[in-house]
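Comments concern the structure below.
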Amino acid sequence: MDVLRPSLININGRIYRKNITREQTYQNEEEDFDYSASPDCLDEPCDTVEVEQTEKGYRCAIDVPSVLYKYIIGKKGDTRKRLETETRTSINIPKQGVEGQIVITGQQRASVISACTRIEVLMESFRMKQPFTHFLSFALNQPEIQERYLQFKEEVLKNCSQDNGVDGSIFQNPAKLHLTIGTLSLLNEKEVTKACEFLHQGHYQKPLPLEIVGIEYMNDDPAIVDMLYAKVHPEDGSDKLQLIADQLVKHFVSSGLMTKEWDRVKLHATVMNTVFRKDPSAEDKRDSGRQGLKDRESFDARNLMKIFGKYHFGNLDLNAVQVSQRFSTDSSGYYTSSGLITFS
């Protein structure tokens with residue numbers, strides 16, 4: 001770990017340092033988790049924790065998605081027991097699968113705050129390990145774009161099907177053409193609602209005319225390609241689209257709903273992806289964990305790039321951003337939207 005640039009965790013606007021610790025793994029992670037694998041944190045006062053005084057001492061209730069209970073309980077309850085012992089508190093956790101609040105009680109206010117802070121850091125650390133459930137997207141599936149895309153697919157198969165790995169199974173579903181702005185792990189309905197509310201708090205411009213022209217590959221060798229994408233630009237040649245995408249990510253990262261992965265959003269509209277070969281519903285996230293790189297059959301894009309490198313997919317007005325649900329389909333064929341806001 002770079003001591004000058006340690007890994008950080010954002011919890012309700014407060015930043016905590018995540019120290020490197022030795023992890024222990026178990027065959028059944030659902031039940032077997034050891035507290036020693038959790039991040040260290042400082043027991044500093046936290047003004048985001050609401051602690052109320054009761055007749056018996058102090059009490060604090062925090063919202064935790066039920067899928068994260070197991071990490072706070074730990075192997076045979078060891079994590080909860082250790083937290084209770086070290087902070088001199090009592091921690092009440094709802095039954096597995098039941099959404100609710102974890103309630104911490106204790107004789108000292110500082111002890112309750114310490115337990116809350118540790119639970120929140122623990123929760124955010126393991127939230128990062130959950131697969132993403134939703135993503136911010138710009139839909140690029142207007143009828144004219146879909147038509148041009150299907151023509152692209154037909155011409156590629158006509159001219160390049162003899163090239164290694166090129167076949168109809170690796171093409172994107174035209175109804176799901178999109179730009180992914182950022183991914184979200186929303187672990188219950190309350191978090192989905194929070195993300196949608198946060199989406200409506202942003203400041204959005206008027207519709208932005210875009211042009212989709214040209215293709216590019218993700219890696220360095222055009223003979224061994226796993227993902228091919230179309231390039232999307234504002235018609236006026238400005239960087240407005242990049243600014244909108246970067247501002248959206250900054251907005252959601254500040255809320256703690258999203259983790260910042262890159263300095264700038266990589267704007268790409270996937271048109272061909274080898275993960276579709278075995279799973280047509282797979283998204284265009286390269287590290288999704290659903291299919292390892294060693295299991296993917298790459299394709300040779302050299303001929304394809306020569307013929308279609310400047311292919312024009314069409315023009316459209318970008319007029320909305322939405323919270324899209326992963327592995328879903330609505331009546332139009334696009335991803336099911338949990339929340340949407342239009343530009344005006």
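Within each chain, counting starts at residue 1; across the structure tokens, chains are named A, B, ... in the order shown, with ligands numbered 1 upward in that order.
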
Filtered DSSP result for range 151-284 of chain A, state alpha helix (DSSP H), as a PDB file with N, CA and C atoms, in the first residue's frame:
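Written output follows (selection00.pdb):
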```
ATOM      1  N   GLN A 151     -27.517  -2.924 -39.648  1.00  0.00           N
ATOM      2  CA  GLN A 151     -26.826  -2.909 -40.938  1.00  0.00           C
ATOM      3  C   GLN A 151     -25.338  -3.171 -40.742  1.00  0.00           C
ATOM      4  N   PHE A 152     -24.777  -2.568 -39.671  1.00  0.00           N
ATOM      5  CA  PHE A 152     -23.365  -2.785 -39.331  1.00  0.00           C
ATOM      6  C   PHE A 152     -23.124  -4.276 -39.068  1.00  0.00           C
ATOM      7  N   LYS A 153     -23.974  -4.886 -38.267  1.00  0.00           N
ATOM      8  CA  LYS A 153     -23.832  -6.308 -37.949  1.00  0.00           C
ATOM      9  C   LYS A 153     -23.891  -7.157 -39.212  1.00  0.00           C
ATOM     10  N   GLU A 154     -24.861  -6.859 -40.074  1.00  0.00           N
ATOM     11  CA  GLU A 154     -25.021  -7.629 -41.312  1.00  0.00           C
ATOM     12  C   GLU A 154     -23.790  -7.518 -42.202  1.00  0.00           C
ATOM     13  N   GLU A 155     -23.261  -6.290 -42.327  1.00  0.00           N
ATOM     14  CA  GLU A 155     -22.098  -6.078 -43.193  1.00  0.00           C
ATOM     15  C   GLU A 155     -20.841  -6.693 -42.601  1.00  0.00           C
ATOM     16  N   VAL A 156     -20.697  -6.641 -41.274  1.00  0.00           N
ATOM     17  CA  VAL A 156     -19.531  -7.259 -40.629  1.00  0.00           C
ATOM     18  C   VAL A 156     -19.537  -8.767 -40.861  1.00  0.00           C
ATOM     19  N   LEU A 157     -20.691  -9.393 -40.674  1.00  0.00           N
ATOM     20  CA  LEU A 157     -20.781 -10.835 -40.860  1.00  0.00           C
ATOM     21  C   LEU A 157     -20.575 -11.222 -42.330  1.00  0.00           C
ATOM     22  N   LYS A 158     -20.970 -10.340 -43.223  1.00  0.00           N
ATOM     23  CA  LYS A 158     -20.793 -10.598 -44.648  1.00  0.00           C
ATOM     24  C   LYS A 158     -19.324 -10.502 -45.052  1.00  0.00           C
ATOM     25  N   ASN A 159     -18.609  -9.527 -44.469  1.00  0.00           N
ATOM     26  CA  ASN A 159     -17.238  -9.261 -44.896  1.00  0.00           C
ATOM     27  C   ASN A 159     -16.160  -9.866 -43.993  1.00  0.00           C
ATOM     28  N   CYS A 160     -16.518 -10.182 -42.729  1.00  0.00           N
ATOM     29  CA  CYS A 160     -15.475 -10.584 -41.769  1.00  0.00           C
ATOM     30  C   CYS A 160     -15.740 -11.906 -41.061  1.00  0.00           C
ATOM     31  N   GLU A 189     -34.592  -2.049  -1.427  1.00  0.00           N
ATOM     32  CA  GLU A 189     -35.454  -1.055  -2.069  1.00  0.00           C
ATOM     33  C   GLU A 189     -35.210   0.350  -1.531  1.00  0.00           C
ATOM     34  N   LYS A 190     -34.841   0.444  -0.274  1.00  0.00           N
ATOM     35  CA  LYS A 190     -34.574   1.752   0.317  1.00  0.00           C
ATOM     36  C   LYS A 190     -33.393   2.419  -0.374  1.00  0.00           C
ATOM     37  N   GLU A 191     -32.366   1.643  -0.703  1.00  0.00           N
ATOM     38  CA  GLU A 191     -31.201   2.203  -1.383  1.00  0.00           C
ATOM     39  C   GLU A 191     -31.532   2.562  -2.834  1.00  0.00           C
ATOM     40  N   VAL A 192     -32.390   1.777  -3.476  1.00  0.00           N
ATOM     41  CA  VAL A 192     -32.822   2.113  -4.837  1.00  0.00           C
ATOM     42  C   VAL A 192     -33.560   3.452  -4.830  1.00  0.00           C
ATOM     43  N   THR A 193     -34.438   3.623  -3.854  1.00  0.00           N
ATOM     44  CA  THR A 193     -35.186   4.882  -3.725  1.00  0.00           C
ATOM     45  C   THR A 193     -34.239   6.053  -3.472  1.00  0.00           C
ATOM     46  N   LYS A 194     -33.239   5.829  -2.629  1.00  0.00           N
ATOM     47  CA  LYS A 194     -32.267   6.879  -2.325  1.00  0.00           C
ATOM     48  C   LYS A 194     -31.500   7.294  -3.574  1.00  0.00           C
ATOM     49  N   ALA A 195     -31.102   6.310  -4.398  1.00  0.00           N
ATOM     50  CA  ALA A 195     -30.364   6.614  -5.625  1.00  0.00           C
ATOM     51  C   ALA A 195     -31.221   7.419  -6.595  1.00  0.00           C
ATOM     52  N   CYS A 196     -32.482   7.043  -6.716  1.00  0.00           N
ATOM     53  CA  CYS A 196     -33.387   7.760  -7.625  1.00  0.00           C
ATOM     54  C   CYS A 196     -33.626   9.189  -7.145  1.00  0.00           C
ATOM     55  N   GLU A 197     -33.774   9.367  -5.838  1.00  0.00           N
ATOM     56  CA  GLU A 197     -33.934  10.705  -5.280  1.00  0.00           C
ATOM     57  C   GLU A 197     -32.688  11.543  -5.531  1.00  0.00           C
ATOM     58  N   PHE A 198     -31.532  10.920  -5.396  1.00  0.00           N
ATOM     59  CA  PHE A 198     -30.280  11.636  -5.610  1.00  0.00           C
ATOM     60  C   PHE A 198     -30.115  12.022  -7.072  1.00  0.00           C
ATOM     61  N   LEU A 199     -30.598  11.155  -7.972  1.00  0.00           N
ATOM     62  CA  LEU A 199     -30.538  11.462  -9.400  1.00  0.00           C
ATOM     63  C   LEU A 199     -31.294  12.748  -9.701  1.00  0.00           C
ATOM     64  N   LYS A 240     -18.742  18.399 -23.833  1.00  0.00           N
ATOM     65  CA  LYS A 240     -19.925  18.490 -22.966  1.00  0.00           C
ATOM     66  C   LYS A 240     -20.363  17.120 -22.447  1.00  0.00           C
ATOM     67  N   LEU A 241     -20.320  16.098 -23.301  1.00  0.00           N
ATOM     68  CA  LEU A 241     -20.746  14.765 -22.874  1.00  0.00           C
ATOM     69  C   LEU A 241     -19.832  14.236 -21.775  1.00  0.00           C
ATOM     70  N   GLN A 242     -18.535  14.431 -21.940  1.00  0.00           N
ATOM     71  CA  GLN A 242     -17.581  13.994 -20.920  1.00  0.00           C
ATOM     72  C   GLN A 242     -17.821  14.722 -19.602  1.00  0.00           C
ATOM     73  N   LEU A 243     -18.096  16.015 -19.671  1.00  0.00           N
ATOM     74  CA  LEU A 243     -18.341  16.799 -18.466  1.00  0.00           C
ATOM     75  C   LEU A 243     -19.601  16.329 -17.744  1.00  0.00           C
ATOM     76  N   ILE A 244     -20.657  16.047 -18.513  1.00  0.00           N
ATOM     77  CA  ILE A 244     -21.906  15.573 -17.904  1.00  0.00           C
ATOM     78  C   ILE A 244     -21.667  14.239 -17.195  1.00  0.00           C
ATOM     79  N   ALA A 245     -20.969  13.323 -17.874  1.00  0.00           N
ATOM     80  CA  ALA A 245     -20.701  12.004 -17.294  1.00  0.00           C
ATOM     81  C   ALA A 245     -19.842  12.123 -16.037  1.00  0.00           C
ATOM     82  N   ASP A 246     -18.787  12.926 -16.101  1.00  0.00           N
ATOM     83  CA  ASP A 246     -17.899  13.089 -14.949  1.00  0.00           C
ATOM     84  C   ASP A 246     -18.628  13.737 -13.771  1.00  0.00           C
ATOM     85  N   GLN A 247     -19.486  14.699 -14.046  1.00  0.00           N
ATOM     86  CA  GLN A 247     -20.234  15.372 -12.988  1.00  0.00           C
ATOM     87  C   GLN A 247     -21.233  14.422 -12.329  1.00  0.00           C
ATOM     88  N   LEU A 248     -21.854  13.551 -13.126  1.00  0.00           N
ATOM     89  CA  LEU A 248     -22.777  12.560 -12.572  1.00  0.00           C
ATOM     90  C   LEU A 248     -22.057  11.629 -11.610  1.00  0.00           C
ATOM     91  N   VAL A 249     -20.893  11.147 -12.029  1.00  0.00           N
ATOM     92  CA  VAL A 249     -20.120  10.251 -11.161  1.00  0.00           C
ATOM     93  C   VAL A 249     -19.696  10.971  -9.892  1.00  0.00           C
ATOM     94  N   LYS A 250     -19.216  12.195 -10.019  1.00  0.00           N
ATOM     95  CA  LYS A 250     -18.809  12.972  -8.847  1.00  0.00           C
ATOM     96  C   LYS A 250     -19.978  13.157  -7.894  1.00  0.00           C
ATOM     97  N   HIS A 251     -21.156  13.421  -8.447  1.00  0.00           N
ATOM     98  CA  HIS A 251     -22.371  13.627  -7.666  1.00  0.00           C
ATOM     99  C   HIS A 251     -22.723  12.376  -6.862  1.00  0.00           C
ATOM    100  N   PHE A 252     -22.662  11.210  -7.497  1.00  0.00           N
ATOM    101  CA  PHE A 252     -23.026   9.963  -6.826  1.00  0.00           C
ATOM    102  C   PHE A 252     -21.928   9.471  -5.885  1.00  0.00           C
ATOM    103  N   VAL A 253     -20.677   9.724  -6.226  1.00  0.00           N
ATOM    104  CA  VAL A 253     -19.589   9.347  -5.323  1.00  0.00           C
ATOM    105  C   VAL A 253     -19.688  10.128  -4.019  1.00  0.00           C
ATOM    106  N   SER A 254     -20.050  11.397  -4.107  1.00  0.00           N
ATOM    107  CA  SER A 254     -20.167  12.232  -2.909  1.00  0.00           C
ATOM    108  C   SER A 254     -21.257  11.736  -1.968  1.00  0.00           C
ATOM    109  N   SER A 255     -22.217  10.993  -2.513  1.00  0.00           N
ATOM    110  CA  SER A 255     -23.316  10.481  -1.690  1.00  0.00           C
ATOM    111  C   SER A 255     -22.967   9.159  -1.034  1.00  0.00           C
TER     112      SER A 255
END
```

Produce a table with one row for each residue of range 125-178 of chain A that has an atom at most 12 Å from any atom of range 57-68 of chain A, each row naming the nearest atom pair and its distance in Å at one decimal; use only C-alpha atoms; arrange rows by chain and rising residue number; format as a Markdown table.
```
| residue | atom | partner | partner_atom | distance |
| --- | --- | --- | --- | --- |
| A:Ser125 | CA | A:Leu68 | CA | 10.3 |
| A:Phe126 | CA | A:Leu68 | CA | 7.5 |
| A:Arg127 | CA | A:Leu68 | CA | 7.6 |
| A:Met128 | CA | A:Leu68 | CA | 11.1 |
| A:Lys129 | CA | A:Leu68 | CA | 10.6 |
| A:Gln130 | CA | A:Leu68 | CA | 9.4 |
| A:Pro131 | CA | A:Val67 | CA | 11.8 |
```

I need the residues of range 220-297 of chain A that end up classed as strand (DSSP E or B) by DSSP on the backbone, written out as a ChimeraX atom specification. /A:225,227-234,269-273

Once you have the residues from the selection above, write them out as an mmCIF file, in the first residue's frame, restricted to N, CA, C and O atoms.
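Final file, out30.cif:
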```cif
data_model
loop_
_atom_site.group_PDB
_atom_site.id
_atom_site.type_symbol
_atom_site.label_atom_id
_atom_site.label_comp_id
_atom_site.auth_asym_id
_atom_site.auth_seq_id
_atom_site.Cartn_x
_atom_site.Cartn_y
_atom_site.Cartn_z
ATOM 1 N N VAL A 225 -9.080 -9.410 -29.633
ATOM 2 C CA VAL A 225 -9.997 -8.414 -29.076
ATOM 3 C C VAL A 225 -11.155 -9.110 -28.357
ATOM 4 O O VAL A 225 -11.671 -10.124 -28.827
ATOM 5 N N MET A 227 -13.570 -6.785 -26.696
ATOM 6 C CA MET A 227 -14.648 -5.799 -26.733
ATOM 7 C C MET A 227 -14.382 -4.743 -27.804
ATOM 8 O O MET A 227 -13.285 -4.196 -27.892
ATOM 9 N N LEU A 228 -15.404 -4.499 -28.591
ATOM 10 C CA LEU A 228 -15.345 -3.448 -29.606
ATOM 11 C C LEU A 228 -16.456 -2.456 -29.287
ATOM 12 O O LEU A 228 -17.580 -2.860 -28.982
ATOM 13 N N TYR A 229 -16.150 -1.181 -29.329
ATOM 14 C CA TYR A 229 -17.151 -0.184 -28.977
ATOM 15 C C TYR A 229 -17.232 0.936 -30.001
ATOM 16 O O TYR A 229 -16.279 1.204 -30.747
ATOM 17 N N ALA A 230 -18.400 1.572 -30.054
ATOM 18 C CA ALA A 230 -18.605 2.726 -30.921
ATOM 19 C C ALA A 230 -18.261 3.989 -30.158
ATOM 20 O O ALA A 230 -18.478 4.081 -28.947
ATOM 21 N N LYS A 231 -17.716 4.951 -30.861
ATOM 22 C CA LYS A 231 -17.321 6.219 -30.248
ATOM 23 C C LYS A 231 -18.466 7.233 -30.350
ATOM 24 O O LYS A 231 -19.078 7.384 -31.408
ATOM 25 N N VAL A 232 -18.736 7.883 -29.223
ATOM 26 C CA VAL A 232 -19.861 8.821 -29.130
ATOM 27 C C VAL A 232 -19.323 10.210 -28.816
ATOM 28 O O VAL A 232 -18.563 10.382 -27.854
ATOM 29 N N HIS A 233 -19.723 11.201 -29.612
ATOM 30 C CA HIS A 233 -19.231 12.570 -29.441
ATOM 31 C C HIS A 233 -20.378 13.575 -29.608
ATOM 32 O O HIS A 233 -21.313 13.320 -30.368
ATOM 33 N N PRO A 234 -20.301 14.722 -28.930
ATOM 34 C CA PRO A 234 -21.241 15.811 -29.224
ATOM 35 C C PRO A 234 -21.029 16.285 -30.660
ATOM 36 O O PRO A 234 -19.903 16.306 -31.160
ATOM 37 N N ALA A 269 -19.729 2.834 -26.232
ATOM 38 C CA ALA A 269 -20.982 2.109 -26.464
ATOM 39 C C ALA A 269 -20.621 0.746 -27.038
ATOM 40 O O ALA A 269 -20.215 0.634 -28.203
ATOM 41 N N THR A 270 -20.747 -0.280 -26.232
ATOM 42 C CA THR A 270 -20.353 -1.622 -26.659
ATOM 43 C C THR A 270 -21.198 -2.100 -27.836
ATOM 44 O O THR A 270 -22.423 -2.069 -27.784
ATOM 45 N N VAL A 271 -20.521 -2.555 -28.894
ATOM 46 C CA VAL A 271 -21.227 -3.121 -30.047
ATOM 47 C C VAL A 271 -20.915 -4.607 -30.228
ATOM 48 O O VAL A 271 -21.726 -5.353 -30.773
ATOM 49 N N MET A 272 -19.731 -5.024 -29.766
ATOM 50 C CA MET A 272 -19.350 -6.438 -29.818
ATOM 51 C C MET A 272 -18.589 -6.776 -28.544
ATOM 52 O O MET A 272 -17.722 -6.022 -28.122
ATOM 53 N N ASN A 273 -18.910 -7.925 -27.959
ATOM 54 C CA ASN A 273 -18.267 -8.318 -26.710
ATOM 55 C C ASN A 273 -18.279 -9.842 -26.618
ATOM 56 O O ASN A 273 -19.332 -10.464 -26.758
#
```

Separation of CA of Tyr217 in chain A from CA of Phe313 in chain A in Å: 16.3 Å

Distance in Å - CA of Gly77 in chain A versus CA of Glu120 in chain A: 17.5 Å

Find the spatial neighbours of range 200-207 of chain A, counting only C-alpha atoms, within a cut-off of 6 Å - ignore same-chain residues fewer than 4 positions away - and output them as a list in words.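 Counting only the stated atoms, we get Asp317, Leu318, Asn319, Phe343 and Ser344 of chain A.
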
I need the chosen residues saved as an mmCIF file, in the first residue's frame, with all heavy atoms.
```
data_model
loop_
_atom_site.group_PDB
_atom_site.id
_atom_site.type_symbol
_atom_site.label_atom_id
_atom_site.label_comp_id
_atom_site.auth_asym_id
_atom_site.auth_seq_id
_atom_site.Cartn_x
_atom_site.Cartn_y
_atom_site.Cartn_z
ATOM 1 N N ASP A 317 -30.383 12.922 -30.045
ATOM 2 C CA ASP A 317 -30.348 13.914 -28.968
ATOM 3 C C ASP A 317 -30.337 13.182 -27.635
ATOM 4 O O ASP A 317 -31.251 12.413 -27.321
ATOM 5 C CB ASP A 317 -31.582 14.822 -29.030
ATOM 6 C CG ASP A 317 -31.499 15.844 -30.141
ATOM 7 O OD1 ASP A 317 -30.380 16.119 -30.610
ATOM 8 O OD2 ASP A 317 -32.562 16.356 -30.560
ATOM 9 N N LEU A 318 -29.300 13.416 -26.850
ATOM 10 C CA LEU A 318 -29.236 12.847 -25.506
ATOM 11 C C LEU A 318 -30.145 13.685 -24.614
ATOM 12 O O LEU A 318 -29.908 14.872 -24.404
ATOM 13 C CB LEU A 318 -27.806 12.889 -24.978
ATOM 14 C CG LEU A 318 -27.612 12.373 -23.553
ATOM 15 C CD1 LEU A 318 -27.905 10.886 -23.473
ATOM 16 C CD2 LEU A 318 -26.185 12.651 -23.073
ATOM 17 N N ASN A 319 -31.211 13.072 -24.112
ATOM 18 C CA ASN A 319 -32.194 13.866 -23.364
ATOM 19 C C ASN A 319 -32.581 13.267 -22.016
ATOM 20 O O ASN A 319 -33.523 13.728 -21.377
ATOM 21 C CB ASN A 319 -33.457 14.070 -24.199
ATOM 22 C CG ASN A 319 -34.083 12.745 -24.623
ATOM 23 O OD1 ASN A 319 -33.712 11.690 -24.127
ATOM 24 N ND2 ASN A 319 -35.030 12.826 -25.545
ATOM 25 N N PHE A 343 -33.536 15.815 -19.604
ATOM 26 C CA PHE A 343 -32.834 17.103 -19.704
ATOM 27 C C PHE A 343 -33.802 18.143 -20.263
ATOM 28 O O PHE A 343 -34.554 17.853 -21.195
ATOM 29 C CB PHE A 343 -31.615 16.987 -20.602
ATOM 30 C CG PHE A 343 -30.588 15.988 -20.144
ATOM 31 C CD1 PHE A 343 -29.588 15.566 -20.991
ATOM 32 C CD2 PHE A 343 -30.626 15.464 -18.862
ATOM 33 C CE1 PHE A 343 -28.637 14.653 -20.572
ATOM 34 C CE2 PHE A 343 -29.690 14.549 -18.422
ATOM 35 C CZ PHE A 343 -28.691 14.139 -19.297
ATOM 36 N N SER A 344 -33.737 19.336 -19.708
ATOM 37 C CA SER A 344 -34.624 20.388 -20.221
ATOM 38 C C SER A 344 -33.942 21.737 -20.067
ATOM 39 O O SER A 344 -32.933 21.867 -19.389
ATOM 40 C CB SER A 344 -35.940 20.379 -19.447
ATOM 41 O OG SER A 344 -35.734 20.559 -18.061
#
```

With a distance cut-off of 9 Å and only C-alpha atoms, select the neighbouring residues of Met305 in chain A, excluding the residue or stretch itself and same-chain residues fewer than 5 positions from it, and output the selection as number ranges by chain. A: 215-217, 222, 310

Do you know which residues are at most 7 Å from range 139-147 of chain A counting only C-alpha atoms, after dropping those on the same chain fewer than 5 positions away, and could you put them as a list in words?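 Everything that qualifies: Pro174, Ala175, Lys176, Leu177, His178, Leu179, Phe313 and Gly314 of chain A.
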
Generate a file of the selected residues that holds N, CA and C atoms, formatted as a tab-separated table (two decimals), in the first residue's frame.
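Result file is again-v2.tsv:
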```tsv
chain	number	residue	atom	x	y	z
A	174	PRO	N	-29.39	-4.79	-30.05
A	174	PRO	CA	-29.57	-3.39	-30.49
A	174	PRO	C	-30.49	-2.58	-29.58
A	175	ALA	N	-31.45	-3.24	-28.94
A	175	ALA	CA	-32.37	-2.52	-28.04
A	175	ALA	C	-31.68	-2.08	-26.77
A	176	LYS	N	-30.47	-2.61	-26.51
A	176	LYS	CA	-29.77	-2.27	-25.27
A	176	LYS	C	-28.49	-1.47	-25.51
A	177	LEU	N	-28.38	-0.85	-26.65
A	177	LEU	CA	-27.24	0.02	-26.90
A	177	LEU	C	-27.27	1.18	-25.90
A	178	HIS	N	-26.14	1.44	-25.26
A	178	HIS	CA	-26.12	2.45	-24.20
A	178	HIS	C	-24.70	2.87	-23.85
A	179	LEU	N	-24.61	3.91	-23.07
A	179	LEU	CA	-23.37	4.32	-22.41
A	179	LEU	C	-23.52	4.06	-20.92
A	313	PHE	N	-22.98	5.34	-37.20
A	313	PHE	CA	-24.17	4.70	-36.64
A	313	PHE	C	-25.37	5.65	-36.58
A	314	GLY	N	-25.10	6.95	-36.69
A	314	GLY	CA	-26.21	7.89	-36.70
A	314	GLY	C	-26.08	9.00	-35.68
```

Using only C-alpha atoms, find the one residue out of A:Ser137, A:Ser331, A:Ile170, A:Asp263 that sits nearest to Phe299 in chain A. A:Ile170

Using only C-alpha atoms, pick whichever of A:Gly256, A:Gly214, A:Gly168, A:Gly106 has the shortest atom-to-atom distance to Gly309 in chain A. A:Gly214
